[in-house]
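S.K.: Following this line is input.pdb, made up of PDB, C-alpha atoms:
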```
ATOM      1  CA  MET F   1       0.000   0.000   0.000
ATOM      2  CA  ALA F   2       1.355   3.432  -0.915
ATOM      3  CA  LEU F   3       2.017   5.976   1.805
ATOM      4  CA  THR F   4       0.565   9.397   1.037
ATOM      5  CA  LEU F   5       2.335  12.392   2.601
ATOM      6  CA  GLN F   6       1.963  16.163   2.401
ATOM      7  CA  LEU F   7       5.514  17.417   1.749
ATOM      8  CA  ASN F   8       6.087  21.180   1.763
ATOM      9  CA  GLY F   9       2.479  21.716   0.686
ATOM     10  CA  GLU F  10       2.494  19.071  -2.081
ATOM     11  CA  THR F  11       0.984  15.565  -2.081
ATOM     12  CA  ARG F  12       3.540  12.799  -2.636
ATOM     13  CA  GLU F  13       3.207   9.004  -2.546
ATOM     14  CA  PHE F  14       5.882   6.593  -1.357
ATOM     15  CA  ALA F  15       6.084   2.831  -1.393
ATOM     16  CA  ALA F  16       6.058   1.819   2.268
ATOM     17  CA  ALA F  17       8.043  -1.210   3.396
ATOM     18  CA  GLU F  18       6.486  -3.742   5.797
ATOM     19  CA  THR F  19       8.269  -2.026   8.653
ATOM     20  CA  GLY F  20       6.966   1.381   7.529
ATOM     21  CA  LEU F  21       8.782   4.555   6.462
ATOM     22  CA  THR F  22      10.792   6.585   8.947
ATOM     23  CA  VAL F  23      11.830  10.230   8.663
ATOM     24  CA  GLU F  24      15.372   9.036   7.990
ATOM     25  CA  GLY F  25      14.115   6.741   5.231
ATOM     26  CA  LEU F  26      12.120   9.581   3.681
ATOM     27  CA  LEU F  27      15.137  11.891   3.647
ATOM     28  CA  ARG F  28      17.230   9.157   2.077
ATOM     29  CA  ALA F  29      14.566   8.654  -0.609
ATOM     30  CA  LEU F  30      14.646  12.415  -1.272
ATOM     31  CA  ASN F  31      18.476  12.502  -1.395
ATOM     32  CA  LEU F  32      18.589  15.040   1.436
ATOM     33  CA  ASP F  33      21.407  15.306   3.954
ATOM     34  CA  PRO F  34      19.853  15.171   7.470
ATOM     35  CA  ARG F  35      22.639  17.413   8.782
ATOM     36  CA  LYS F  36      21.587  20.322   6.569
ATOM     37  CA  ILE F  37      17.822  20.430   7.051
ATOM     38  CA  ALA F  38      15.125  20.615   9.729
ATOM     39  CA  VAL F  39      11.877  18.610   9.747
ATOM     40  CA  GLU F  40       8.480  19.512  11.131
ATOM     41  CA  ARG F  41       5.810  16.760  11.338
ATOM     42  CA  ASN F  42       2.196  17.759  11.898
ATOM     43  CA  LEU F  43       3.317  21.142  13.291
ATOM     44  CA  GLU F  44       5.829  19.593  15.707
ATOM     45  CA  ILE F  45       9.610  19.693  15.306
ATOM     46  CA  VAL F  46      11.214  16.292  14.816
ATOM     47  CA  PRO F  47      14.546  16.187  16.708
ATOM     48  CA  ARG F  48      17.385  15.130  14.427
ATOM     49  CA  SER F  49      18.386  12.411  16.896
ATOM     50  CA  THR F  50      15.007  10.647  16.404
ATOM     51  CA  TYR F  51      14.883  10.593  12.593
ATOM     52  CA  SER F  52      15.536   6.833  12.496
ATOM     53  CA  ASP F  53      12.824   6.118  15.079
ATOM     54  CA  VAL F  54       9.921   8.324  13.961
ATOM     55  CA  GLN F  55       7.476   6.326  11.818
ATOM     56  CA  LEU F  56       5.465   8.265   9.266
ATOM     57  CA  ALA F  57       1.719   7.713   9.023
ATOM     58  CA  GLN F  58      -0.834   8.112   6.250
ATOM     59  CA  ASN F  59      -1.448  11.807   5.352
ATOM     60  CA  ASP F  60       1.261  13.131   7.667
ATOM     61  CA  ARG F  61       2.078  16.793   6.936
ATOM     62  CA  LEU F  62       5.793  17.513   6.820
ATOM     63  CA  GLU F  63       7.769  20.673   6.292
ATOM     64  CA  ILE F  64      11.412  20.238   5.333
ATOM     65  CA  VAL F  65      13.434  23.469   5.437
ATOM     66  CA  HIS F  66      17.000  24.676   5.040
ATOM     67  CA  PHE F  67      18.908  27.960   5.001
ATOM     68  CA  ILE F  68      19.111  30.043   1.825
ATOM     69  CA  GLY F  69      20.487  33.427   0.845
ATOM     70  CA  GLY F  70      17.882  36.184   0.890
ATOM     71  CA  GLY F  71      16.044  37.445  -2.147
ATOM     72  CA  ASN F  72      15.678  36.602  -5.795
ATOM     73  CA  ALA F  73      18.500  37.762  -8.038
ATOM     74  CA  PRO F  74      17.506  40.824 -10.104
ATOM     75  CA  GLU F  75      17.960  41.018 -13.823
ATOM     76  CA  THR F  76      21.569  41.463 -14.843
ATOM     77  CA  LYS F  77      22.452  45.122 -15.441
ATOM     78  CA  PRO F  78      24.901  46.212 -18.103
ATOM     79  CA  VAL F  79      28.420  46.627 -16.786
ATOM     80  CA  VAL F  80      29.729  50.201 -16.681
ATOM     81  CA  GLU F  81      33.318  50.373 -17.866
ATOM     82  CA  ASP F  82      35.664  51.977 -15.352
ATOM     83  CA  LYS F  83      37.506  54.336 -17.648
ATOM     84  CA  PRO F  84      40.411  56.284 -16.132
ATOM     85  CA  LEU F  85      40.204  60.049 -15.728
ATOM     86  CA  VAL F  86      42.167  61.548 -18.610
ATOM     87  CA  ILE F  87      42.401  65.317 -19.003
ATOM     88  CA  ALA F  88      44.400  66.851 -21.844
ATOM     89  CA  GLY F  89      46.179  63.557 -22.423
ATOM     90  CA  LYS F  90      47.268  63.003 -18.799
ATOM     91  CA  THR F  91      45.813  60.233 -16.626
ATOM     92  CA  TYR F  92      44.909  60.982 -13.014
ATOM     93  CA  ARG F  93      44.388  58.400 -10.273
ATOM     94  CA  SER F  94      42.439  60.796  -8.064
ATOM     95  CA  ARG F  95      39.097  62.153  -9.219
ATOM     96  CA  LEU F  96      39.185  64.947  -6.654
ATOM     97  CA  ILE F  97      40.501  68.421  -7.490
ATOM     98  CA  ILE F  98      40.887  70.969  -4.708
ATOM     99  CA  GLY F  99      41.464  74.689  -4.573
ATOM    100  CA  THR F 100      44.067  76.790  -2.793
ATOM    101  CA  GLY F 101      41.955  79.639  -1.463
ATOM    102  CA  LYS F 102      40.533  80.483   1.979
ATOM    103  CA  TYR F 103      42.984  78.366   3.971
ATOM    104  CA  LYS F 104      44.497  79.900   7.118
ATOM    105  CA  THR F 105      48.001  79.160   5.896
ATOM    106  CA  TYR F 106      49.760  77.570   2.959
ATOM    107  CA  ALA F 107      50.917  74.844   5.348
ATOM    108  CA  GLU F 108      47.310  73.949   6.166
ATOM    109  CA  ASN F 109      46.514  73.929   2.453
ATOM    110  CA  ALA F 110      49.400  71.565   1.778
ATOM    111  CA  ALA F 111      48.338  69.230   4.605
ATOM    112  CA  ALA F 112      44.757  69.146   3.286
ATOM    113  CA  LEU F 113      46.023  68.435  -0.218
ATOM    114  CA  GLU F 114      48.061  65.507   1.076
ATOM    115  CA  ALA F 115      45.053  64.109   2.960
ATOM    116  CA  SER F 116      42.775  64.512  -0.062
ATOM    117  CA  GLY F 117      44.937  62.452  -2.376
ATOM    118  CA  ALA F 118      44.269  65.019  -5.111
ATOM    119  CA  GLU F 119      46.825  65.435  -7.891
ATOM    120  CA  MET F 120      45.524  68.712  -9.292
ATOM    121  CA  VAL F 121      45.004  72.064  -7.566
ATOM    122  CA  THR F 122      43.443  75.267  -8.842
ATOM    123  CA  VAL F 123      45.548  78.395  -8.433
ATOM    124  CA  ALA F 124      44.634  82.027  -8.859
ATOM    125  CA  VAL F 125      46.795  84.571 -10.655
ATOM    126  CA  ARG F 126      47.384  87.688  -8.551
ATOM    127  CA  ARG F 127      49.824  90.583  -8.433
ATOM    128  CA  VAL F 128      53.122  90.107  -6.611
ATOM    129  CA  ASN F 129      53.377  91.980  -3.307
ATOM    130  CA  LEU F 130      56.188  94.354  -4.214
ATOM    131  CA  THR F 131      56.395  95.843  -0.710
ATOM    132  CA  ASP F 132      57.244  92.480   0.858
ATOM    133  CA  PRO F 133      58.645  90.039  -1.702
ATOM    134  CA  THR F 134      59.743  87.654   1.100
ATOM    135  CA  GLN F 135      56.179  86.664   1.943
ATOM    136  CA  PRO F 136      55.467  82.889   1.696
ATOM    137  CA  LYS F 137      54.546  81.629  -1.752
ATOM    138  CA  LEU F 138      52.312  78.738  -2.698
ATOM    139  CA  VAL F 139      55.043  77.001  -4.685
ATOM    140  CA  ASP F 140      57.124  76.742  -1.503
ATOM    141  CA  PHE F 141      54.444  74.461   0.014
ATOM    142  CA  ILE F 142      52.831  72.762  -2.990
ATOM    143  CA  ASP F 143      55.376  71.626  -5.559
ATOM    144  CA  PRO F 144      54.164  72.250  -9.139
ATOM    145  CA  LYS F 145      56.425  69.397 -10.244
ATOM    146  CA  LYS F 146      54.503  66.988  -8.004
ATOM    147  CA  PHE F 147      50.993  68.384  -8.467
ATOM    148  CA  THR F 148      49.277  69.734 -11.569
ATOM    149  CA  TYR F 149      48.676  73.453 -11.176
ATOM    150  CA  LEU F 150      45.432  74.541 -12.791
ATOM    151  CA  PRO F 151      45.475  78.341 -13.237
ATOM    152  CA  ASN F 152      41.958  79.729 -13.099
ATOM    153  CA  THR F 153      40.241  82.994 -13.820
ATOM    154  CA  ALA F 154      38.468  83.425 -10.481
ATOM    155  CA  GLY F 155      37.114  86.942 -10.184
ATOM    156  CA  CYS F 156      36.940  87.644 -13.911
ATOM    157  CA  PHE F 157      33.668  89.114 -15.195
ATOM    158  CA  THR F 158      34.544  89.604 -18.879
ATOM    159  CA  ALA F 159      36.092  87.433 -21.553
ATOM    160  CA  GLU F 160      38.884  89.993 -21.959
ATOM    161  CA  ASP F 161      39.861  89.819 -18.278
ATOM    162  CA  ALA F 162      39.879  86.017 -18.388
ATOM    163  CA  LEU F 163      42.010  85.929 -21.529
ATOM    164  CA  ARG F 164      44.497  88.383 -20.062
ATOM    165  CA  THR F 165      44.773  86.387 -16.850
ATOM    166  CA  LEU F 166      45.417  83.062 -18.554
ATOM    167  CA  ARG F 167      47.935  84.512 -20.977
ATOM    168  CA  LEU F 168      49.864  85.795 -17.960
ATOM    169  CA  ALA F 169      49.560  82.361 -16.321
ATOM    170  CA  ARG F 170      51.078  80.708 -19.367
ATOM    171  CA  GLU F 171      53.907  83.202 -19.340
ATOM    172  CA  ALA F 172      54.511  82.743 -15.609
ATOM    173  CA  GLY F 173      54.654  78.966 -15.529
ATOM    174  CA  GLY F 174      54.234  77.667 -19.045
ATOM    175  CA  TRP F 175      50.805  76.223 -18.216
ATOM    176  CA  THR F 176      48.428  75.584 -21.081
ATOM    177  CA  LEU F 177      45.924  73.480 -19.123
ATOM    178  CA  VAL F 178      43.694  76.093 -17.515
ATOM    179  CA  LYS F 179      40.340  76.533 -15.838
ATOM    180  CA  LEU F 180      38.117  79.187 -17.353
ATOM    181  CA  GLU F 181      35.349  80.876 -15.403
ATOM    182  CA  VAL F 182      33.717  84.117 -16.486
ATOM    183  CA  LEU F 183      31.255  85.290 -13.866
ATOM    184  CA  GLY F 184      27.984  87.088 -14.496
ATOM    185  CA  ASP F 185      27.445  89.004 -11.235
ATOM    186  CA  LYS F 186      28.933  89.288  -7.759
ATOM    187  CA  LYS F 187      25.853  88.070  -5.872
ATOM    188  CA  THR F 188      25.370  84.641  -7.447
ATOM    189  CA  LEU F 189      28.761  84.169  -9.153
ATOM    190  CA  TYR F 190      26.897  82.278 -11.848
ATOM    191  CA  PRO F 191      28.791  81.960 -15.119
ATOM    192  CA  ASP F 192      28.105  84.396 -17.918
ATOM    193  CA  MET F 193      27.769  81.798 -20.647
ATOM    194  CA  VAL F 194      27.937  84.242 -23.548
ATOM    195  CA  GLU F 195      31.308  85.545 -22.343
ATOM    196  CA  THR F 196      32.407  82.045 -21.393
ATOM    197  CA  LEU F 197      31.773  80.700 -24.884
ATOM    198  CA  ARG F 198      33.594  83.653 -26.434
ATOM    199  CA  ALA F 199      36.642  83.213 -24.212
ATOM    200  CA  THR F 200      36.688  79.433 -24.732
ATOM    201  CA  GLU F 201      36.819  79.848 -28.499
ATOM    202  CA  VAL F 202      39.758  82.265 -28.331
ATOM    203  CA  LEU F 203      41.729  80.206 -25.805
ATOM    204  CA  ILE F 204      41.413  77.012 -27.825
ATOM    205  CA  LYS F 205      42.595  78.836 -30.953
ATOM    206  CA  GLU F 206      45.630  80.038 -28.959
ATOM    207  CA  GLY F 207      46.574  76.479 -27.988
ATOM    208  CA  PHE F 208      45.167  76.347 -24.460
ATOM    209  CA  GLN F 209      43.533  73.185 -23.110
ATOM    210  CA  VAL F 210      40.491  74.566 -21.355
ATOM    211  CA  MET F 211      38.473  73.149 -18.482
ATOM    212  CA  VAL F 212      35.340  75.280 -18.419
ATOM    213  CA  TYR F 213      33.156  76.257 -15.448
ATOM    214  CA  CYS F 214      29.596  76.533 -16.738
ATOM    215  CA  SER F 215      25.918  76.465 -15.876
ATOM    216  CA  ASP F 216      24.142  73.125 -15.501
ATOM    217  CA  ASP F 217      22.503  73.571 -18.902
ATOM    218  CA  PRO F 218      22.934  70.421 -21.052
ATOM    219  CA  LEU F 219      22.853  72.467 -24.262
ATOM    220  CA  MET F 220      25.620  74.810 -23.084
ATOM    221  CA  ALA F 221      27.685  71.870 -21.862
ATOM    222  CA  LYS F 222      27.379  70.134 -25.235
ATOM    223  CA  ARG F 223      28.319  73.310 -27.060
ATOM    224  CA  LEU F 224      31.478  73.666 -24.971
ATOM    225  CA  GLU F 225      32.415  70.070 -25.718
ATOM    226  CA  ASP F 226      31.861  70.603 -29.441
ATOM    227  CA  MET F 227      34.119  73.678 -29.293
ATOM    228  CA  GLY F 228      36.941  71.499 -27.969
ATOM    229  CA  ALA F 229      36.873  71.962 -24.179
ATOM    230  CA  ALA F 230      39.188  69.542 -22.371
ATOM    231  CA  ALA F 231      36.591  69.138 -19.601
ATOM    232  CA  VAL F 232      33.175  70.596 -18.880
ATOM    233  CA  MET F 233      32.530  71.688 -15.300
ATOM    234  CA  PRO F 234      28.869  72.387 -14.477
ATOM    235  CA  LEU F 235      28.120  73.921 -11.106
ATOM    236  CA  ALA F 236      26.364  71.929  -8.397
ATOM    237  CA  ALA F 237      25.210  75.134  -6.676
ATOM    238  CA  PRO F 238      26.502  78.725  -6.387
ATOM    239  CA  ILE F 239      30.225  79.030  -5.640
ATOM    240  CA  GLY F 240      30.975  78.757  -1.924
ATOM    241  CA  SER F 241      27.343  78.036  -0.980
ATOM    242  CA  GLY F 242      27.811  74.444   0.175
ATOM    243  CA  LEU F 243      24.278  73.610  -0.975
ATOM    244  CA  GLY F 244      25.246  70.438  -2.821
ATOM    245  CA  ILE F 245      23.796  69.140  -6.101
ATOM    246  CA  GLN F 246      20.717  71.249  -6.813
ATOM    247  CA  ASN F 247      19.841  69.854 -10.233
ATOM    248  CA  PRO F 248      20.797  66.175 -10.470
ATOM    249  CA  VAL F 249      18.555  65.680 -13.506
ATOM    250  CA  ASN F 250      20.509  68.161 -15.641
ATOM    251  CA  ILE F 251      23.859  66.868 -14.386
ATOM    252  CA  ARG F 252      22.846  63.318 -15.347
ATOM    253  CA  ILE F 253      21.767  64.445 -18.820
ATOM    254  CA  ILE F 254      25.067  66.296 -19.317
ATOM    255  CA  ILE F 255      26.992  63.150 -18.335
ATOM    256  CA  GLU F 256      24.966  60.902 -20.636
ATOM    257  CA  GLU F 257      25.603  63.144 -23.647
ATOM    258  CA  ALA F 258      29.290  63.865 -22.996
ATOM    259  CA  LYS F 259      32.436  62.357 -24.444
ATOM    260  CA  VAL F 260      34.778  64.537 -22.356
ATOM    261  CA  PRO F 261      35.200  64.495 -18.559
ATOM    262  CA  ILE F 262      32.314  66.083 -16.660
ATOM    263  CA  ILE F 263      33.557  67.493 -13.365
ATOM    264  CA  VAL F 264      31.131  69.042 -10.896
ATOM    265  CA  ASP F 265      32.515  72.406  -9.850
ATOM    266  CA  ALA F 266      31.206  74.683  -7.084
ATOM    267  CA  GLY F 267      28.591  74.222  -4.386
ATOM    268  CA  VAL F 268      29.778  71.008  -2.740
ATOM    269  CA  GLY F 269      29.432  71.339   1.030
ATOM    270  CA  THR F 270      30.226  67.982   2.577
ATOM    271  CA  ALA F 271      31.256  64.434   1.783
ATOM    272  CA  SER F 272      27.752  63.228   0.916
ATOM    273  CA  ASP F 273      27.515  65.929  -1.781
ATOM    274  CA  ALA F 274      30.710  64.636  -3.380
ATOM    275  CA  ALA F 275      29.433  61.054  -3.219
ATOM    276  CA  ILE F 276      26.162  62.053  -4.911
ATOM    277  CA  ALA F 277      28.047  63.764  -7.727
ATOM    278  CA  MET F 278      30.122  60.657  -8.313
ATOM    279  CA  GLU F 279      27.101  58.340  -8.060
ATOM    280  CA  LEU F 280      25.526  60.306 -10.907
ATOM    281  CA  GLY F 281      28.527  59.332 -13.032
ATOM    282  CA  CYS F 282      30.660  62.470 -12.882
ATOM    283  CA  SER F 283      34.293  62.021 -13.854
ATOM    284  CA  GLY F 284      35.393  64.043 -10.836
ATOM    285  CA  VAL F 285      34.603  66.790  -8.348
ATOM    286  CA  LEU F 286      36.302  70.144  -7.789
ATOM    287  CA  MET F 287      35.948  71.931  -4.468
ATOM    288  CA  ASN F 288      37.592  74.592  -2.334
ATOM    289  CA  THR F 289      35.389  76.115   0.369
ATOM    290  CA  ALA F 290      33.989  72.775   1.539
ATOM    291  CA  ILE F 291      37.460  71.800   2.731
ATOM    292  CA  ALA F 292      39.034  75.169   3.533
ATOM    293  CA  GLU F 293      36.149  76.358   5.723
ATOM    294  CA  ALA F 294      35.565  73.075   7.556
ATOM    295  CA  ARG F 295      36.357  73.071  11.293
ATOM    296  CA  ASN F 296      39.119  70.589  10.503
ATOM    297  CA  PRO F 297      40.173  71.053   6.872
ATOM    298  CA  VAL F 298      42.613  68.138   6.872
ATOM    299  CA  LEU F 299      40.013  65.715   8.196
ATOM    300  CA  MET F 300      37.417  67.013   5.749
ATOM    301  CA  ALA F 301      39.894  66.574   2.906
ATOM    302  CA  ARG F 302      40.265  62.926   3.865
ATOM    303  CA  ALA F 303      36.478  62.568   4.057
ATOM    304  CA  MET F 304      36.153  64.030   0.565
ATOM    305  CA  LYS F 305      38.749  61.598  -0.766
ATOM    306  CA  LEU F 306      36.799  58.632   0.611
ATOM    307  CA  ALA F 307      33.457  60.045  -0.551
ATOM    308  CA  VAL F 308      34.672  60.474  -4.123
ATOM    309  CA  GLU F 309      36.050  56.922  -4.134
ATOM    310  CA  ALA F 310      32.883  55.459  -2.597
ATOM    311  CA  GLY F 311      30.632  57.388  -4.981
ATOM    312  CA  ARG F 312      32.616  56.164  -7.972
ATOM    313  CA  ASP F 313      32.398  52.551  -6.779
ATOM    314  CA  ALA F 314      28.654  52.933  -6.222
ATOM    315  CA  TYR F 315      28.215  54.300  -9.745
ATOM    316  CA  LEU F 316      30.169  51.415 -11.254
ATOM    317  CA  ALA F 317      28.298  48.869  -9.117
ATOM    318  CA  GLY F 318      24.897  50.190 -10.211
ATOM    319  CA  ARG F 319      22.414  51.093  -7.481
ATOM    320  CA  MET F 320      19.241  49.095  -6.927
ATOM    321  CA  PRO F 321      16.102  50.552  -8.535
ATOM    322  CA  LYS F 322      13.931  52.805  -6.419
ATOM    323  CA  LYS F 323      10.518  51.279  -5.690
ATOM    324  CA  ARG F 324       7.265  52.688  -4.419
ATOM    325  CA  TYR F 325       6.587  49.816  -2.017
ATOM    326  CA  ALA F 326       8.449  47.288   0.091
ATOM    327  CA  ASP F 327      10.208  44.354  -1.537
ATOM    328  CA  PRO F 328      11.216  41.505   0.832
ATOM    329  CA  SER F 329      14.873  40.588   0.996
ATOM    330  CA  SER F 330      13.992  36.913   1.420
ATOM    331  CA  PRO F 331      11.831  35.252  -1.281
ATOM    332  CA  LEU F 332       8.251  34.310  -0.488
ATOM    333  CA  SER F 333       8.545  31.099  -2.539
ATOM    334  CA  GLY F 334       9.291  28.191  -0.234
ATOM    335  CA  LEU F 335       7.736  29.967   2.757
ATOM    336  CA  ILE F 336       6.382  27.590   5.406
TER     337      ILE F 336
END
```
Show me this structure written as structure tokens.
M.R.:
Amino acid sequence: MALTLQLNGETREFAAAETGLTVEGLLRALNLDPRKIAVERNLEIVPRSTYSDVQLAQNDRLEIVHFIGGGNAPETKPVVEDKPLVIAGKTYRSRLIIGTGKYKTYAENAAALEASGAEMVTVAVRRVNLTDPTQPKLVDFIDPKKFTYLPNTAGCFTAEDALRTLRLAREAGGWTLVKLEVLGDKKTLYPDMVETLRATEVLIKEGFQVMVYCSDDPLMAKRLEDMGAAAVMPLAAPIGSGLGIQNPVNIRIIIEEAKVPIIVDAGVGTASDAAIAMELGCSGVLMNTAIAEARNPVLMARAMKLAVEAGRDAYLAGRMPKKRYADPSSPLSGLI
């Protein structure tokens, strides 16, 4: 006579020997290792030590369970290639660029730079103090042979002023890789894109490799790329505001359309802001005030280094999709 059992919610029949079928015999028939499972019979746990003694009866209900990893595997996402950061033909390990303004001392700036792991620093071009030529100089603390100096046009409000500044920078240090920013007004420090485009065109014709600070307008960013910009640098928020990424949608669109590095510039306030920028797929992040005006600039510089690295890894890994409702980590199939 066949022995009918309810196994994990399904009806199964087994040929019973004259002596009957034990739990141990059932597990053997199912090719299950008793050491790796647990058995419940008619809502009562069967101790593993009694498997060979417990006789199964007609229509017994058994649950046989084991441990599994949680959740069903999602659909495979396309792999994002981890391309190195290359600007004007040079490869950089660090995707963080920091400034050299607002620090208490050049020594503090140098210590923050070391902690940040950055390989490129922005530098302003200013008049020499003729009354005291012995004053400390940036190059005495940050070696331009070890770090890439990126002369910028901070404080310039016309294309002519920006062009004049960068021509002087090239004369002073031979630098052709430069950061262009042409500001529109003193309150917002937003870029004047008409002047920015005009200056970019002239600089590229003169042999400069131009990294351009710009608005977060995808059309402007694409136009700069088409003109030959070495990198496009949309703002996250107004310069020095620390507000973080205000328009992630536009930044994402700029990244998706670009074939040159997209580096978020201005408005980063703390490490999470840098991580968000990198999670969007930015090639890098440039910041100054967020580090220089922190209570502990050196510690913040280290935090920014880790945030940029973590954000990049998260982007490459591919975040889980956002969902409107809960989704259990453990699958419901096989539930007792």
S.K.: What is the distance, in Å and to one decimal place, between CA of Gly20 in chain F and CA of Leu7 in chain F?
M.R.: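 The value is 17.1 Å.
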S.K.: Let me have the centre and edge lengths of the axis-aligned box enclosing all listed atoms of range 187-200 of chain F with 3 Å padding on every side, in Å to one decimal, as AutoDock Vina command-line options.
M.R.:
```
--center_x 31.0 --center_y 83.8 --center_z -16.2 --size_x 17.3 --size_y 14.6 --size_z 26.6
```
S.K.: Within 8 Å of Asp265 in chain F, counting only C-alpha atoms, which residues qualify if same-chain residues fewer than 5 places away don't, as a PyMOL selection string?
M.R.: chain F and resi 213+233-236+285-287
S.K.: Go ahead and find all residues with at least one atom no further than 9 Å from (21.2, 66.9, -3.8) in the file's coordinates, using all atoms listed in the file; report them as a list in words.
M.R.: Ala236, Leu243, Gly244, Ile245, Gln246, Asn247, Pro248, Ser272, Asp273, Ile276 and Ala277 of chain F
S.K.: Compile a residue-level contact table for range 116-206 of chain F against range 97-108 of chain F at a cut-off of 12 Å, reporting for every qualifying residue the shortest atom pair and its distance in Å to one decimal, with all atoms listed in the file counted, rows ordered by chain and ascending number, as CSV.
M.R.:
```
residue,atom,partner,partner_atom,distance
F:Ser116,CA,F:Ile98,CA,8.2
F:Gly117,CA,F:Ile97,CA,9.0
F:Ala118,CA,F:Ile97,CA,5.6
F:Glu119,CA,F:Ile97,CA,7.0
F:Met120,CA,F:Ile97,CA,5.3
F:Val121,CA,F:Ile98,CA,5.1
F:Thr122,CA,F:Gly99,CA,4.7
F:Val123,CA,F:Thr100,CA,6.0
F:Ala124,CA,F:Thr100,CA,8.0
F:Val125,CA,F:Thr100,CA,11.4
F:Gln135,CA,F:Tyr106,CA,11.2
F:Pro136,CA,F:Tyr106,CA,7.9
F:Lys137,CA,F:Tyr106,CA,7.8
F:Leu138,CA,F:Tyr106,CA,6.3
F:Val139,CA,F:Tyr106,CA,9.3
F:Asp140,CA,F:Tyr106,CA,8.7
F:Phe141,CA,F:Tyr106,CA,6.3
F:Ile142,CA,F:Tyr106,CA,8.2
F:Asp143,CA,F:Tyr106,CA,11.8
F:Phe147,CA,F:Ile97,CA,10.5
F:Thr148,CA,F:Ile97,CA,9.8
F:Tyr149,CA,F:Gly99,CA,9.9
F:Leu150,CA,F:Gly99,CA,9.1
F:Pro151,CA,F:Gly99,CA,10.2
F:Asn152,CA,F:Gly99,CA,9.9
F:Ala154,CA,F:Gly101,CA,10.4
F:Lys179,CA,F:Gly99,CA,11.5
```
S.K.: For a test of reading the model, state the distance in Å between CA of Lys322 in chain F and CA of Ala258 in chain F, rounded to one decimal.
M.R.: 25.2 Å
S.K.: Tell me, in Å to one decimal, how far CA of Glu44 in chain F is from CA of Pro328 in chain F.
M.R.: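 Separating CA of Glu44 in chain F from CA of Pro328 in chain F is a distance of 27.0 Å.
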S.K.: Starting from the shown file, work through the PyMOL selection byres ((chain F and resi 33-35) around 10) and note down what comes out as a PDB file with C-alpha atoms, in the frame of the given file.
M.R.:
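File written: part_8.pdb
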```
ATOM      1  CA  VAL F  23      11.830  10.230   8.663  1.00  0.00           C
ATOM      2  CA  GLU F  24      15.372   9.036   7.990  1.00  0.00           C
ATOM      3  CA  LEU F  27      15.137  11.891   3.647  1.00  0.00           C
ATOM      4  CA  ARG F  28      17.230   9.157   2.077  1.00  0.00           C
ATOM      5  CA  LEU F  30      14.646  12.415  -1.272  1.00  0.00           C
ATOM      6  CA  ASN F  31      18.476  12.502  -1.395  1.00  0.00           C
ATOM      7  CA  LEU F  32      18.589  15.040   1.436  1.00  0.00           C
ATOM      8  CA  LYS F  36      21.587  20.322   6.569  1.00  0.00           C
ATOM      9  CA  ILE F  37      17.822  20.430   7.051  1.00  0.00           C
ATOM     10  CA  ALA F  38      15.125  20.615   9.729  1.00  0.00           C
ATOM     11  CA  VAL F  39      11.877  18.610   9.747  1.00  0.00           C
ATOM     12  CA  ARG F  48      17.385  15.130  14.427  1.00  0.00           C
ATOM     13  CA  SER F  49      18.386  12.411  16.896  1.00  0.00           C
ATOM     14  CA  TYR F  51      14.883  10.593  12.593  1.00  0.00           C
ATOM     15  CA  HIS F  66      17.000  24.676   5.040  1.00  0.00           C
TER      16      HIS F  66
END
```
S.K.: Point out the residue among F:Asn250, F:Thr50, F:Asn288, F:Gln6 with the least atom-to-atom distance to Asp217 in chain F, counting all atoms listed in the file.
M.R.: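 The answer is F:Asn250, which sits nearest to Asp217 in chain F.
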S.K.: Which of these residues is nearest to Val212 in chain F, using all atoms listed in the file: F:Ala169, F:Val249, F:Val264, F:Ala29?
M.R.: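 Closest candidate: F:Val264.
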